[in-house]
Amino acid sequence: MIYFQLMYEFFKIGLFAIGGGMATLPFLMDLAAKYDWYTKAELTDMIAISQSTPGPVGINMATYAGYNAAGIPGAVVATLSLVAPALVIIMVIAKFLANFNENKTVQAAFYGIRPAVAALIGYAVWELVKIALTVPGENGVTAIDYLGALICIASFGVMQVKICKKLHPLVWIALGGVIGVLLKL
């Protein structure tokens, strides 16, 4: 039963998350609320890790959720289920691409899909900001994590300095990891 659930949920994400990795985030957040395969906090951590490792966030998260739910076979089922719709769609599109490349209806469909993908990514960013910059407050009221907000603003400001723009992304990732470890001590 668990394999069918993994296959169904991740196939559905793969089918409807047009636009790649970040477009899967709203669907992955929904899964976090629906199943106990991972939490929203773990999703946030996985996003950070996925941005510093090879592979899209959706595939990394599918593998992680599948492994949490049913071990290695679950990881394989979830990952393949996420990739299967795109693989089939790409094969079909490649077969007929020459016929549809100049088709006005196809061009119009892609024109309409772009804003929807942008909205999905915008929603995901908003949800990540809420997770990253808020903490549970008193009486269940969410409070702003002022230290996190300060780090976010300072990081953005430092990245605008010309010499800092030339730094390799690994420097920023390592620096963020060091700051996170130091703050948790």
# chains A, B, ... in the order shown; residues from 1 in each chain; ligands from 1
$ residues_around --residues "range 31-38 of chain A" --least-positions-apart "6" --cutoff "12 Å" --atoms "only C-alpha atoms" --output "ChimeraX atom specification"
/A:2,5-6,8-10,12-13,24-25,44-46,58,61-71,74-75,78
$ closest_residue --among "A:Ala108, A:Ile49, A:Val125, A:Met7" --to "Ser81 in chain A" --atoms "only C-alpha atoms"
A:Met7
$ closest_residue --among "A:Leu150, A:Val161, A:Ile90, A:Leu185" --to "Ile18 in chain A" --atoms "only C-alpha atoms"
A:Ile90
$ atom_distance --atom1 "CA of Ile93 in chain A" --atom2 "CA of Gln107 in chain A"
13.2 Å
$ select_by_dssp --residues "chain A" --states "strand (DSSP E or B)" --output "number ranges by chain"
A: 134-136, 142-144
$ write_last_selection --atoms "all heavy atoms" --output "PDB file, in the first residue's frame"
ATOM      1  N   THR A 134      10.252  32.751  10.781  1.00  0.00           N
ATOM      2  CA  THR A 134       9.317  32.800  11.902  1.00  0.00           C
ATOM      3  C   THR A 134       9.616  31.664  12.876  1.00  0.00           C
ATOM      4  O   THR A 134      10.219  30.658  12.510  1.00  0.00           O
ATOM      5  CB  THR A 134       7.853  32.677  11.431  1.00  0.00           C
ATOM      6  OG1 THR A 134       7.679  31.442  10.729  1.00  0.00           O
ATOM      7  CG2 THR A 134       7.467  33.829  10.526  1.00  0.00           C
ATOM      8  N   VAL A 135       9.214  31.881  14.099  1.00  0.00           N
ATOM      9  CA  VAL A 135       9.360  30.866  15.146  1.00  0.00           C
ATOM     10  C   VAL A 135       8.055  30.795  15.922  1.00  0.00           C
ATOM     11  O   VAL A 135       7.318  31.778  15.997  1.00  0.00           O
ATOM     12  CB  VAL A 135      10.523  31.202  16.119  1.00  0.00           C
ATOM     13  CG1 VAL A 135      11.862  31.087  15.426  1.00  0.00           C
ATOM     14  CG2 VAL A 135      10.355  32.584  16.723  1.00  0.00           C
ATOM     15  N   PRO A 136       7.755  29.631  16.498  1.00  0.00           N
ATOM     16  CA  PRO A 136       6.551  29.551  17.330  1.00  0.00           C
ATOM     17  C   PRO A 136       6.700  30.468  18.542  1.00  0.00           C
ATOM     18  O   PRO A 136       7.707  30.434  19.242  1.00  0.00           O
ATOM     19  CB  PRO A 136       6.495  28.087  17.762  1.00  0.00           C
ATOM     20  CG  PRO A 136       7.444  27.367  16.859  1.00  0.00           C
ATOM     21  CD  PRO A 136       8.435  28.366  16.379  1.00  0.00           C
ATOM     22  N   THR A 142       2.632  32.852  16.001  1.00  0.00           N
ATOM     23  CA  THR A 142       3.910  32.853  15.294  1.00  0.00           C
ATOM     24  C   THR A 142       4.576  34.208  15.447  1.00  0.00           C
ATOM     25  O   THR A 142       3.938  35.248  15.298  1.00  0.00           O
ATOM     26  CB  THR A 142       3.696  32.542  13.806  1.00  0.00           C
ATOM     27  OG1 THR A 142       3.024  31.286  13.705  1.00  0.00           O
ATOM     28  CG2 THR A 142       5.000  32.467  13.064  1.00  0.00           C
ATOM     29  N   ALA A 143       5.874  34.180  15.737  1.00  0.00           N
ATOM     30  CA  ALA A 143       6.640  35.410  15.909  1.00  0.00           C
ATOM     31  C   ALA A 143       7.751  35.474  14.866  1.00  0.00           C
ATOM     32  O   ALA A 143       8.184  34.450  14.340  1.00  0.00           O
ATOM     33  CB  ALA A 143       7.239  35.454  17.314  1.00  0.00           C
ATOM     34  N   ILE A 144       8.201  36.674  14.603  1.00  0.00           N
ATOM     35  CA  ILE A 144       9.296  36.862  13.646  1.00  0.00           C
ATOM     36  C   ILE A 144      10.601  36.463  14.310  1.00  0.00           C
ATOM     37  O   ILE A 144      10.872  36.822  15.452  1.00  0.00           O
ATOM     38  CB  ILE A 144       9.361  38.328  13.178  1.00  0.00           C
ATOM     39  CG1 ILE A 144       8.096  38.678  12.388  1.00  0.00           C
ATOM     40  CG2 ILE A 144      10.601  38.582  12.338  1.00  0.00           C
ATOM     41  CD1 ILE A 144       7.990  40.142  12.029  1.00  0.00           C
TER      42      ILE A 144
END
$ atom_distance --atom1 "CA of Ile59 in chain A" --atom2 "CA of Val76 in chain A"
10.4 Å
$ select_by_dssp --residues "range 132-184 of chain A" --states "helix (DSSP H, G or I)" --output "ChimeraX atom specification"
/A:132,138-140,146-159,162-165,169-184
$ atom_distance --atom1 "CA of Met1 in chain A" --atom2 "CA of Leu82 in chain A"
17.5 Å
$ closest_residue --among "A:Ile72, A:Met22, A:Leu167, A:Val83" --to "Ser50 in chain A" --atoms "only C-alpha atoms"
A:Met22
$ decode --residues "range 72-87 of chain A" --atoms "N, CA, C and O atoms" --output "compact mmCIF listing (two decimals), in the first residue's frame"
# COMPACT_ATOMS: atom_id res chain seq x y z
N ILE A 72 14.89 1.78 0.98
CA ILE A 72 15.46 1.93 -0.36
C ILE A 72 14.43 1.65 -1.46
O ILE A 72 14.35 2.42 -2.43
N PRO A 73 13.62 0.58 -1.36
CA PRO A 73 12.61 0.39 -2.41
C PRO A 73 11.64 1.57 -2.52
O PRO A 73 11.25 1.97 -3.62
N GLY A 74 11.28 2.16 -1.40
CA GLY A 74 10.40 3.33 -1.41
C GLY A 74 11.07 4.52 -2.07
O GLY A 74 10.43 5.27 -2.81
N ALA A 75 12.36 4.70 -1.83
CA ALA A 75 13.11 5.78 -2.46
C ALA A 75 13.12 5.61 -3.98
O ALA A 75 12.93 6.58 -4.72
N VAL A 76 13.33 4.39 -4.42
CA VAL A 76 13.36 4.11 -5.87
C VAL A 76 11.98 4.36 -6.47
O VAL A 76 11.85 5.02 -7.52
N VAL A 77 10.93 3.87 -5.83
CA VAL A 77 9.56 4.04 -6.36
C VAL A 77 9.20 5.52 -6.43
O VAL A 77 8.70 6.00 -7.46
N ALA A 78 9.45 6.27 -5.37
CA ALA A 78 9.10 7.70 -5.34
C ALA A 78 9.88 8.47 -6.40
O ALA A 78 9.31 9.30 -7.12
N THR A 79 11.16 8.21 -6.51
CA THR A 79 11.99 8.93 -7.48
C THR A 79 11.57 8.63 -8.91
O THR A 79 11.40 9.55 -9.73
N LEU A 80 11.39 7.35 -9.23
CA LEU A 80 10.97 6.99 -10.58
C LEU A 80 9.57 7.52 -10.89
O LEU A 80 9.30 7.92 -12.02
N SER A 81 8.70 7.54 -9.90
CA SER A 81 7.35 8.05 -10.11
C SER A 81 7.35 9.54 -10.40
O SER A 81 6.54 10.03 -11.18
N LEU A 82 8.25 10.27 -9.77
CA LEU A 82 8.34 11.71 -10.01
C LEU A 82 8.87 11.99 -11.42
O LEU A 82 8.41 12.91 -12.10
N VAL A 83 9.80 11.19 -11.87
CA VAL A 83 10.46 11.41 -13.16
C VAL A 83 9.63 10.87 -14.33
O VAL A 83 9.71 11.42 -15.44
N ALA A 84 8.84 9.84 -14.11
CA ALA A 84 8.13 9.16 -15.20
C ALA A 84 7.26 10.09 -16.06
O ALA A 84 7.34 10.02 -17.29
N PRO A 85 6.43 10.97 -15.47
CA PRO A 85 5.60 11.82 -16.34
C PRO A 85 6.43 12.70 -17.27
O PRO A 85 6.11 12.83 -18.46
N ALA A 86 7.47 13.30 -16.75
CA ALA A 86 8.31 14.17 -17.58
C ALA A 86 8.98 13.37 -18.69
O ALA A 86 9.07 13.85 -19.83
N LEU A 87 9.43 12.18 -18.36
CA LEU A 87 10.08 11.34 -19.36
C LEU A 87 9.11 11.00 -20.50
O LEU A 87 9.46 11.13 -21.68
